[in-house]
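A.B. asks: One file is attached below, protein-v4.txt, containing compact mmCIF, C-alpha atoms.
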```
# COMPACT_ATOMS: atom_id res chain seq x y z
CA MET A 1247 22.22 15.36 -19.10
CA PRO A 1248 26.03 15.86 -19.07
CA SER A 1249 27.36 19.19 -17.90
CA LEU A 1250 29.18 21.65 -20.14
CA LYS A 1251 32.51 20.53 -18.68
CA ASP A 1252 31.75 16.90 -19.46
CA LEU A 1253 30.86 17.80 -23.03
CA ARG A 1254 34.07 19.83 -23.46
CA ASN A 1255 36.13 16.92 -22.14
CA ARG A 1256 34.38 14.48 -24.45
CA ILE A 1257 34.88 16.71 -27.49
CA ALA A 1258 38.59 17.05 -26.66
CA SER A 1259 38.86 13.27 -26.24
CA VAL A 1260 37.21 12.56 -29.59
CA LYS A 1261 39.44 15.14 -31.30
CA ALA A 1262 42.52 13.41 -29.88
CA THR A 1263 41.21 10.06 -31.12
CA GLN A 1264 40.55 11.58 -34.54
CA LYS A 1265 44.16 12.72 -34.78
CA ILE A 1266 45.36 9.19 -33.97
CA THR A 1267 43.08 7.52 -36.51
CA LYS A 1268 44.09 10.04 -39.16
CA ALA A 1269 47.77 9.39 -38.49
CA MET A 1270 47.21 5.61 -38.63
CA GLN A 1271 45.37 6.00 -41.93
CA MET A 1272 48.30 7.90 -43.42
CA VAL A 1273 50.82 5.32 -42.16
CA ALA A 1274 48.74 2.47 -43.59
CA ALA A 1275 48.45 4.28 -46.93
CA ALA A 1276 52.24 4.69 -47.05
CA LYS A 1277 52.84 1.01 -46.25
CA LEU A 1278 50.10 -0.21 -48.59
CA ARG A 1279 51.95 0.72 -51.78
CA ARG A 1280 55.06 -1.24 -50.88
CA ALA A 1281 53.04 -4.20 -49.63
CA GLN A 1282 50.86 -4.22 -52.76
CA GLU A 1283 53.90 -4.10 -55.04
CA ALA A 1284 55.49 -7.01 -53.15
CA ALA A 1285 52.31 -9.11 -53.35
CA GLU A 1286 51.84 -8.43 -57.06
CA ALA A 1287 55.50 -9.20 -57.76
CA ALA A 1288 55.20 -12.58 -56.02
CA ARG A 1289 52.21 -13.76 -58.06
CA PRO A 1290 53.97 -14.41 -61.43
CA TYR A 1291 56.74 -16.38 -59.72
CA SER A 1292 54.21 -18.45 -57.79
CA GLN A 1293 52.17 -19.13 -60.93
CA ARG A 1294 55.24 -20.01 -62.99
CA MET A 1295 56.37 -22.35 -60.23
CA GLY A 1296 53.01 -24.09 -60.51
CA ALA A 1297 53.42 -24.41 -64.30
CA VAL A 1298 56.90 -25.95 -63.94
CA LEU A 1299 55.57 -28.30 -61.27
CA ALA A 1300 52.75 -29.35 -63.59
CA ASN A 1301 55.19 -30.12 -66.42
CA ILE A 1302 57.44 -32.25 -64.24
CA THR A 1303 54.46 -34.00 -62.67
CA GLN A 1304 53.28 -35.00 -66.14
CA ALA A 1305 56.68 -36.56 -66.77
CA VAL A 1306 56.54 -38.52 -63.51
CA GLY A 1307 52.91 -39.50 -64.04
CA GLY A 1308 52.28 -40.12 -60.34
CA GLY A 1309 54.60 -43.10 -60.37
CA GLY A 1310 56.78 -44.48 -57.63
CA ASP A 1311 59.41 -41.79 -58.22
CA ALA A 1312 57.00 -39.09 -57.01
CA PRO A 1313 57.80 -37.86 -53.46
CA ALA A 1314 55.30 -38.22 -50.65
CA LEU A 1315 54.76 -34.44 -50.51
CA MET A 1316 53.17 -34.71 -53.94
CA THR A 1317 51.31 -38.01 -53.69
CA GLY A 1318 50.35 -37.71 -50.03
CA THR A 1319 49.96 -40.56 -47.58
CA GLY A 1320 47.08 -42.14 -49.44
CA LYS A 1321 44.67 -41.06 -46.68
CA ASP A 1322 42.83 -37.90 -45.71
CA ASP A 1323 41.97 -38.69 -42.11
CA THR A 1324 43.95 -35.87 -40.49
CA HIS A 1325 43.92 -32.30 -41.83
CA LEU A 1326 46.25 -29.47 -40.88
CA LEU A 1327 44.96 -25.92 -41.35
CA VAL A 1328 47.68 -23.27 -41.56
CA VAL A 1329 45.75 -20.08 -40.76
CA CYS A 1330 47.60 -16.87 -41.66
CA THR A 1331 46.31 -13.64 -40.11
CA ALA A 1332 47.71 -10.29 -38.99
CA GLU A 1333 49.63 -9.71 -35.79
CA ARG A 1334 47.68 -6.55 -34.95
CA GLY A 1335 44.09 -5.38 -35.12
CA LEU A 1336 42.38 -2.11 -36.06
CA CYS A 1337 41.91 -3.37 -39.61
CA GLY A 1338 38.15 -3.90 -39.78
CA GLY A 1339 36.93 -7.41 -40.51
CA PHE A 1340 40.19 -8.55 -42.15
CA ASN A 1341 41.19 -11.06 -39.45
CA SER A 1342 37.65 -12.18 -38.66
CA GLN A 1343 36.98 -13.09 -42.30
CA ILE A 1344 40.03 -15.37 -42.43
CA ALA A 1345 39.10 -16.91 -39.08
CA ARG A 1346 35.52 -17.43 -40.29
CA LEU A 1347 36.78 -19.40 -43.30
CA ALA A 1348 39.04 -21.46 -41.02
CA ARG A 1349 36.11 -22.21 -38.70
CA GLU A 1350 33.95 -23.27 -41.65
CA GLN A 1351 36.69 -25.58 -42.90
CA ALA A 1352 37.21 -27.08 -39.45
CA ARG A 1353 33.49 -27.49 -38.86
CA ARG A 1354 33.00 -29.22 -42.21
CA LEU A 1355 35.94 -31.58 -41.68
CA LEU A 1356 34.85 -32.48 -38.16
CA ALA A 1357 31.33 -33.16 -39.42
CA ASP A 1358 32.85 -35.59 -41.96
CA GLY A 1359 34.61 -37.46 -39.17
CA LYS A 1360 38.09 -36.08 -39.92
CA GLN A 1361 40.68 -35.08 -37.36
CA VAL A 1362 41.64 -31.39 -37.54
CA LYS A 1363 44.80 -29.65 -36.37
CA ILE A 1364 45.43 -25.92 -36.61
CA LEU A 1365 48.72 -24.03 -36.97
CA CYS A 1366 48.20 -20.30 -36.40
CA VAL A 1367 50.46 -17.76 -38.10
CA GLY A 1368 49.64 -14.42 -36.50
CA LYS A 1369 48.36 -13.37 -33.09
CA LYS A 1370 44.85 -12.29 -34.11
CA GLY A 1371 43.94 -15.59 -35.73
CA TYR A 1372 45.14 -17.42 -32.64
CA ASP A 1373 43.09 -15.16 -30.34
CA ILE A 1374 39.93 -15.72 -32.40
CA LEU A 1375 40.24 -19.46 -33.02
CA ARG A 1376 41.23 -20.44 -29.49
CA ARG A 1377 37.76 -19.43 -28.26
CA ASP A 1378 36.16 -22.37 -30.08
CA TYR A 1379 39.03 -24.63 -31.14
CA ALA A 1380 41.71 -24.25 -28.48
CA SER A 1381 42.14 -28.02 -28.28
CA LEU A 1382 42.86 -28.23 -32.02
CA ILE A 1383 45.66 -25.61 -32.08
CA ILE A 1384 49.00 -27.43 -32.07
CA ASP A 1385 51.35 -24.48 -32.54
CA ARG A 1386 51.56 -20.75 -33.18
CA VAL A 1387 54.05 -18.71 -35.21
CA ASP A 1388 54.70 -15.21 -33.90
CA LEU A 1389 55.88 -12.61 -36.43
CA ARG A 1390 55.39 -9.50 -34.32
CA GLU A 1391 59.11 -8.78 -34.18
CA VAL A 1392 59.51 -9.05 -37.96
CA LYS A 1393 59.67 -5.58 -39.49
CA THR A 1394 59.81 -6.69 -43.13
CA LEU A 1395 58.57 -10.09 -44.25
CA GLY A 1396 61.17 -12.13 -46.10
CA PHE A 1397 61.36 -15.52 -47.73
CA VAL A 1398 63.29 -16.78 -44.70
CA ASN A 1399 60.17 -16.34 -42.55
CA ALA A 1400 58.02 -18.35 -44.94
CA ASP A 1401 60.72 -21.00 -45.31
CA ALA A 1402 60.83 -21.49 -41.54
CA ILE A 1403 57.06 -22.07 -41.47
CA ALA A 1404 57.32 -24.45 -44.44
CA ARG A 1405 60.05 -26.45 -42.71
CA LYS A 1406 57.85 -26.74 -39.63
CA VAL A 1407 54.92 -28.00 -41.74
CA ILE A 1408 57.11 -30.48 -43.66
CA HIS A 1409 58.59 -31.76 -40.40
CA LEU A 1410 55.10 -32.41 -39.06
CA PHE A 1411 54.20 -34.24 -42.29
CA ASN A 1412 57.32 -36.41 -42.11
CA GLU A 1413 56.38 -37.32 -38.54
CA GLY A 1414 52.95 -38.45 -39.74
CA ALA A 1415 51.10 -35.70 -37.87
CA PHE A 1416 48.67 -35.07 -40.76
CA ASP A 1417 47.67 -36.27 -44.22
CA VAL A 1418 46.43 -33.07 -45.90
CA CYS A 1419 47.56 -29.49 -45.32
CA THR A 1420 45.48 -26.45 -46.33
CA LEU A 1421 46.79 -22.88 -46.32
CA ILE A 1422 44.21 -20.23 -45.37
CA TYR A 1423 44.91 -16.56 -46.05
CA SER A 1424 43.36 -13.46 -47.60
CA GLN A 1425 44.05 -12.69 -51.25
CA PHE A 1426 44.48 -8.99 -51.94
CA LYS A 1427 42.24 -7.59 -54.67
CA SER A 1428 41.92 -3.90 -53.82
CA VAL A 1429 41.90 -1.55 -50.86
CA ILE A 1430 38.29 -2.45 -50.08
CA SER A 1431 38.33 -6.06 -51.25
CA GLN A 1432 40.25 -8.96 -49.74
CA ILE A 1433 39.13 -12.51 -50.51
CA PRO A 1434 39.66 -15.26 -47.89
CA THR A 1435 41.25 -18.20 -49.71
CA ALA A 1436 41.90 -21.85 -48.86
CA GLN A 1437 44.71 -23.49 -50.84
CA GLN A 1438 45.87 -27.09 -50.47
CA ILE A 1439 49.66 -27.34 -50.37
CA ILE A 1440 50.16 -30.95 -49.17
CA PRO A 1441 49.70 -33.14 -51.14
CA ALA A 1442 50.84 -30.65 -53.75
CA ALA A 1443 47.74 -29.47 -55.61
CA VAL A 1444 49.23 -29.35 -59.08
CA PRO A 1445 47.38 -26.72 -61.14
CA ALA A 1446 45.48 -27.92 -64.17
CA ALA A 1447 47.39 -27.54 -67.36
CA ASN A 1448 46.78 -24.01 -68.53
CA GLY A 1449 47.02 -22.77 -72.07
CA GLU A 1450 50.77 -22.43 -71.88
CA VAL A 1451 51.32 -26.04 -70.81
CA ALA A 1452 48.56 -27.56 -72.93
CA SER A 1453 49.73 -25.91 -76.14
CA ASP A 1454 53.31 -26.98 -75.56
CA SER A 1455 53.79 -30.33 -77.30
CA ALA A 1456 57.53 -30.50 -76.68
CA VAL A 1457 58.96 -33.44 -74.80
CA TYR A 1458 61.34 -32.46 -72.04
CA GLU A 1459 64.24 -34.50 -70.76
CA TYR A 1460 65.16 -33.81 -67.15
CA GLU A 1461 68.53 -34.10 -65.53
CA PRO A 1462 68.61 -35.37 -62.84
CA GLU A 1463 65.53 -37.60 -62.85
CA PRO A 1464 62.11 -35.92 -62.42
CA GLY A 1465 61.63 -37.62 -59.06
CA GLU A 1466 64.82 -36.03 -57.71
CA ILE A 1467 63.80 -32.64 -59.07
CA LEU A 1468 60.38 -32.91 -57.42
CA SER A 1469 61.89 -33.87 -54.08
CA ASP A 1470 63.64 -30.48 -54.08
CA LEU A 1471 61.04 -28.46 -55.99
CA ILE A 1472 57.96 -29.34 -53.93
CA PRO A 1473 59.40 -28.19 -50.56
CA ARG A 1474 60.50 -24.99 -52.28
CA ASN A 1475 57.03 -24.60 -53.77
CA ILE A 1476 55.48 -24.94 -50.29
CA SER A 1477 57.76 -22.14 -49.06
CA VAL A 1478 56.86 -20.01 -52.10
CA GLN A 1479 53.11 -20.47 -51.56
CA ILE A 1480 53.40 -19.60 -47.87
CA PHE A 1481 55.53 -16.56 -48.71
CA ARG A 1482 52.94 -15.41 -51.23
CA ALA A 1483 50.19 -15.87 -48.63
CA LEU A 1484 52.13 -13.74 -46.13
CA LEU A 1485 52.65 -10.99 -48.72
CA GLU A 1486 48.99 -11.08 -49.77
CA ASN A 1487 48.01 -10.83 -46.11
CA ALA A 1488 50.35 -7.90 -45.52
CA ALA A 1489 48.85 -5.96 -48.45
CA GLY A 1490 45.29 -6.87 -47.43
CA GLU A 1491 45.94 -5.83 -43.83
CA MET A 1492 47.22 -2.39 -44.85
CA GLY A 1493 44.30 -1.89 -47.24
CA ALA A 1494 41.76 -2.92 -44.61
CA LYS A 1495 43.47 -0.78 -41.98
CA MET A 1496 43.46 2.26 -44.23
CA SER A 1497 39.73 1.84 -44.92
CA ALA A 1498 38.94 1.20 -41.25
CA MET A 1499 40.91 4.23 -40.05
CA ASP A 1500 39.32 6.42 -42.73
CA ASN A 1501 35.87 5.37 -41.52
CA ALA A 1502 36.92 5.93 -37.92
CA THR A 1503 38.18 9.42 -38.76
CA ARG A 1504 34.92 10.28 -40.50
CA ASN A 1505 32.85 8.90 -37.61
CA ALA A 1506 34.92 10.91 -35.15
CA GLY A 1507 34.23 14.05 -37.17
CA ASP A 1508 30.49 13.33 -37.15
CA MET A 1509 30.56 12.74 -33.41
CA ILE A 1510 32.45 16.00 -32.84
CA ASN A 1511 29.82 17.89 -34.84
CA LYS A 1512 26.96 16.32 -32.86
CA LEU A 1513 28.66 16.97 -29.53
CA SER A 1514 29.43 20.56 -30.56
CA ILE A 1515 25.76 21.14 -31.45
CA THR A 1516 24.67 19.67 -28.11
CA TYR A 1517 27.26 21.77 -26.28
CA ASN A 1518 26.19 25.00 -28.01
CA ARG A 1519 22.50 24.34 -27.38
CA GLN A 1520 23.06 23.58 -23.74
CA ARG A 1521 25.35 26.61 -23.34
CA GLN A 1522 22.76 28.85 -25.03
CA ALA A 1523 20.04 27.48 -22.78
CA GLN A 1524 22.16 28.16 -19.71
CA ILE A 1525 22.90 31.73 -20.86
CA THR A 1526 19.20 32.32 -21.56
CA LYS A 1527 18.31 31.00 -18.13
CA GLU A 1528 20.82 33.32 -16.46
CA LEU A 1529 19.51 36.33 -18.42
CA ILE A 1530 15.93 35.52 -17.38
CA GLU A 1531 17.01 35.31 -13.76
CA ILE A 1532 18.80 38.69 -14.00
CA ILE A 1533 15.81 40.36 -15.68
CA SER A 1534 13.39 38.84 -13.15
CA GLY A 1535 15.55 40.07 -10.27
CA ALA A 1536 15.74 43.59 -11.77
CA GLU A 1537 11.97 43.75 -12.21
CA ALA A 1538 11.46 42.61 -8.62
CA LEU A 1539 13.41 45.62 -7.42
```
Go ahead and express the file in the form of structure tokens.
C.D. replies:
Amino acid sequence: MPSLKDLRNRIASVKATQKITKAMQMVAAAKLRRAQEAAEAARPYSQRMGAVLANITQAVGGGGDAPALMTGTGKDDTHLLVVCTAERGLCGGFNSQIARLAREQARRLLADGKQVKILCVGKKGYDILRRDYASLIIDRVDLREVKTLGFVNADAIARKVIHLFNEGAFDVCTLIYSQFKSVISQIPTAQQIIPAAVPAANGEVASDSAVYEYEPEPGEILSDLIPRNISVQIFRALLENAAGEMGAKMSAMDNATRNAGDMINKLSITYNRQRQAQITKELIEIISGAEAL
């Protein structure tokens, strides 16, 4: 059984940890609002970009004017998984859920006889995936020094992916990230970005019977629009991840703070019982000694 001094030291240590977790919870709560607003603001632009892409794709009709980023290579032998995770931990199962989806995708593709390559965006995803698929990781993007995510960061990743595609390094590219729903709910998502997965015509596009004329030609517009769309989708994934990370971190630190409080209460009860037992023992010894005299 630990001594009273050991119990006091442990209680003090847990109290110090509780202060840290409480502070981290408050910081995550402050950052969550800005991150959530940024993620929600990016969704309409991303969806509208998909609608415009669908309209222009209908005009091209998958003909010879369509760029390779939209039509693909005609094969699906080699798949690139762009796995976006957080740079830091202490956010519950946020990173592990994304990595689990990436492992499932890689395992399924390998079972089908496909070649898989992985591009990790974020330190935690790289640390998790390299345990099982170190040989499949071709590159890693480090964003630890980035204080505020901007479109320039997503555009740099998109340029890297497009460069690999132009070199013939892969046939299909899938973006894996966590879609933010609420503080306690983040949904791991896999989205194909190369060849461009044109969304099905929604109500807005289907109900629009107008015929559009494009200047310049639709093929030229797509050659510029599709790379931009890849950057937009990656940027949205990074913003969704940032909001999900803060939400998961706030929940994890709140649970840690509560658990620290419970542990302090249990240790305090143990300390008081042991202290009372020691005092009782000393009193019995004093009384016994007095009676002996």
A.B. asks: To one decimal place in Å, what is the distance between atom CA of A:Ala1506 and atom CA of A:Val1260?
C.D. replies: 6.2 Å
A.B. asks: Write out as number ranges by chain the residues lying within 9 Å of A:Ser1477, counting only C-alpha atoms and excluding same-chain residues fewer than 6 positions away.
C.D. replies: A: 1397-1398, 1400-1405
A.B. asks: Just the number, please: distance in Å from atom CA of A:Ile1364 to atom CA of A:Gln1438, one decimal.
C.D. replies: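 Going from atom CA of A:Ile1364 over to atom CA of A:Gln1438 covers 13.9 Å.
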A.B. asks: Using Å and a single decimal, report how far atom CA of A:Ser1249 sits from atom CA of A:Glu1537.
C.D. replies: 29.5 Å
A.B. asks: Would you be able to write out as number ranges by chain which residues have an atom within 10 Å of (28.7, 24.2, -24.1) in the file's coordinates, counting all atoms listed in the file?
C.D. replies: A: 1249-1254, 1513-1524
A.B. asks: Excluding stretch 1262-1274 of chain A and residues on its chain fewer than 5 positions from it, collect all residues at most 9 Å away from it, counting all atoms listed in the file, and give them as a list in words.
C.D. replies: Ile1257, Arg1279, Glu1491, Met1492, Gly1493, Ala1494, Lys1495, Met1496, Ser1497, Ala1498, Met1499, Asp1500, Ala1502, Thr1503, Arg1504, Asn1505, Ala1506 and Gly1507 of chain A
A.B. asks: Which residue, A:Leu1347, A:Val1298, A:Leu1395, A:Val1407, has the smallest gap to A:Leu1365 when you use all atoms listed in the file?
C.D. replies: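 Among A:Leu1347, A:Val1298, A:Leu1395, A:Val1407, it is A:Val1407 that comes nearest to A:Leu1365.
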A.B. asks: Of the candidates A:Gln1432, A:Phe1416, A:Ala1314, A:Arg1294, which one gets nearest to A:Cys1337 if we count only C-alpha atoms?
C.D. replies: A:Gln1432
A.B. asks: Pick the closest to A:Gly1414 from A:Leu1529, A:Ile1439, A:Ala1332, A:Leu1326: which is it, counting only C-alpha atoms?
C.D. replies: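 Distance minimum relative to A:Gly1414 lands on A:Leu1326.
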A.B. asks: Of the residues A:Ile1510, A:Ala1352, A:Ala1538, A:Val1478, which is the one nearest to A:Arg1289, using all atoms listed in the file?
C.D. replies: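 Answer, going by the shortest atom-to-atom distance: A:Val1478.
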A.B. asks: Since the input is missing atoms, can you rebuild N, CA and C atoms for stretch 1469-1485 of chain A and write them as a tab-separated table (two decimals), keeping the file's coordinate frame?
C.D. replies:
```tsv
chain	number	residue	atom	x	y	z
A	1469	SER	N	61.57	-33.79	-55.50
A	1469	SER	CA	61.89	-33.87	-54.08
A	1469	SER	C	62.50	-32.56	-53.57
A	1470	ASP	N	63.11	-31.79	-54.46
A	1470	ASP	CA	63.64	-30.48	-54.08
A	1470	ASP	C	62.67	-29.36	-54.42
A	1471	LEU	N	61.92	-29.53	-55.52
A	1471	LEU	CA	61.04	-28.46	-55.99
A	1471	LEU	C	59.80	-28.31	-55.14
A	1472	ILE	N	59.22	-29.43	-54.69
A	1472	ILE	CA	57.96	-29.34	-53.93
A	1472	ILE	C	58.15	-28.65	-52.59
A	1473	PRO	N	59.19	-28.99	-51.79
A	1473	PRO	CA	59.40	-28.19	-50.56
A	1473	PRO	C	59.60	-26.71	-50.84
A	1474	ARG	N	60.32	-26.40	-51.93
A	1474	ARG	CA	60.50	-24.99	-52.28
A	1474	ARG	C	59.17	-24.35	-52.68
A	1475	ASN	N	58.34	-25.12	-53.38
A	1475	ASN	CA	57.03	-24.60	-53.77
A	1475	ASN	C	56.16	-24.32	-52.55
A	1476	ILE	N	56.24	-25.17	-51.53
A	1476	ILE	CA	55.48	-24.94	-50.29
A	1476	ILE	C	55.92	-23.62	-49.66
A	1477	SER	N	57.25	-23.40	-49.62
A	1477	SER	CA	57.76	-22.14	-49.06
A	1477	SER	C	57.29	-20.95	-49.88
A	1478	VAL	N	57.29	-21.10	-51.22
A	1478	VAL	CA	56.86	-20.01	-52.10
A	1478	VAL	C	55.39	-19.68	-51.87
A	1479	GLN	N	54.54	-20.71	-51.76
A	1479	GLN	CA	53.11	-20.47	-51.56
A	1479	GLN	C	52.85	-19.81	-50.21
A	1480	ILE	N	53.56	-20.23	-49.18
A	1480	ILE	CA	53.40	-19.60	-47.87
A	1480	ILE	C	53.89	-18.15	-47.91
A	1481	PHE	N	55.01	-17.92	-48.60
A	1481	PHE	CA	55.53	-16.56	-48.71
A	1481	PHE	C	54.54	-15.66	-49.44
A	1482	ARG	N	53.94	-16.19	-50.52
A	1482	ARG	CA	52.94	-15.41	-51.23
A	1482	ARG	C	51.75	-15.11	-50.33
A	1483	ALA	N	51.31	-16.10	-49.54
A	1483	ALA	CA	50.19	-15.87	-48.63
A	1483	ALA	C	50.51	-14.78	-47.62
A	1484	LEU	N	51.74	-14.77	-47.09
A	1484	LEU	CA	52.13	-13.74	-46.13
A	1484	LEU	C	52.14	-12.36	-46.78
A	1485	LEU	N	52.62	-12.28	-48.03
A	1485	LEU	CA	52.65	-10.99	-48.72
A	1485	LEU	C	51.24	-10.52	-49.06
```
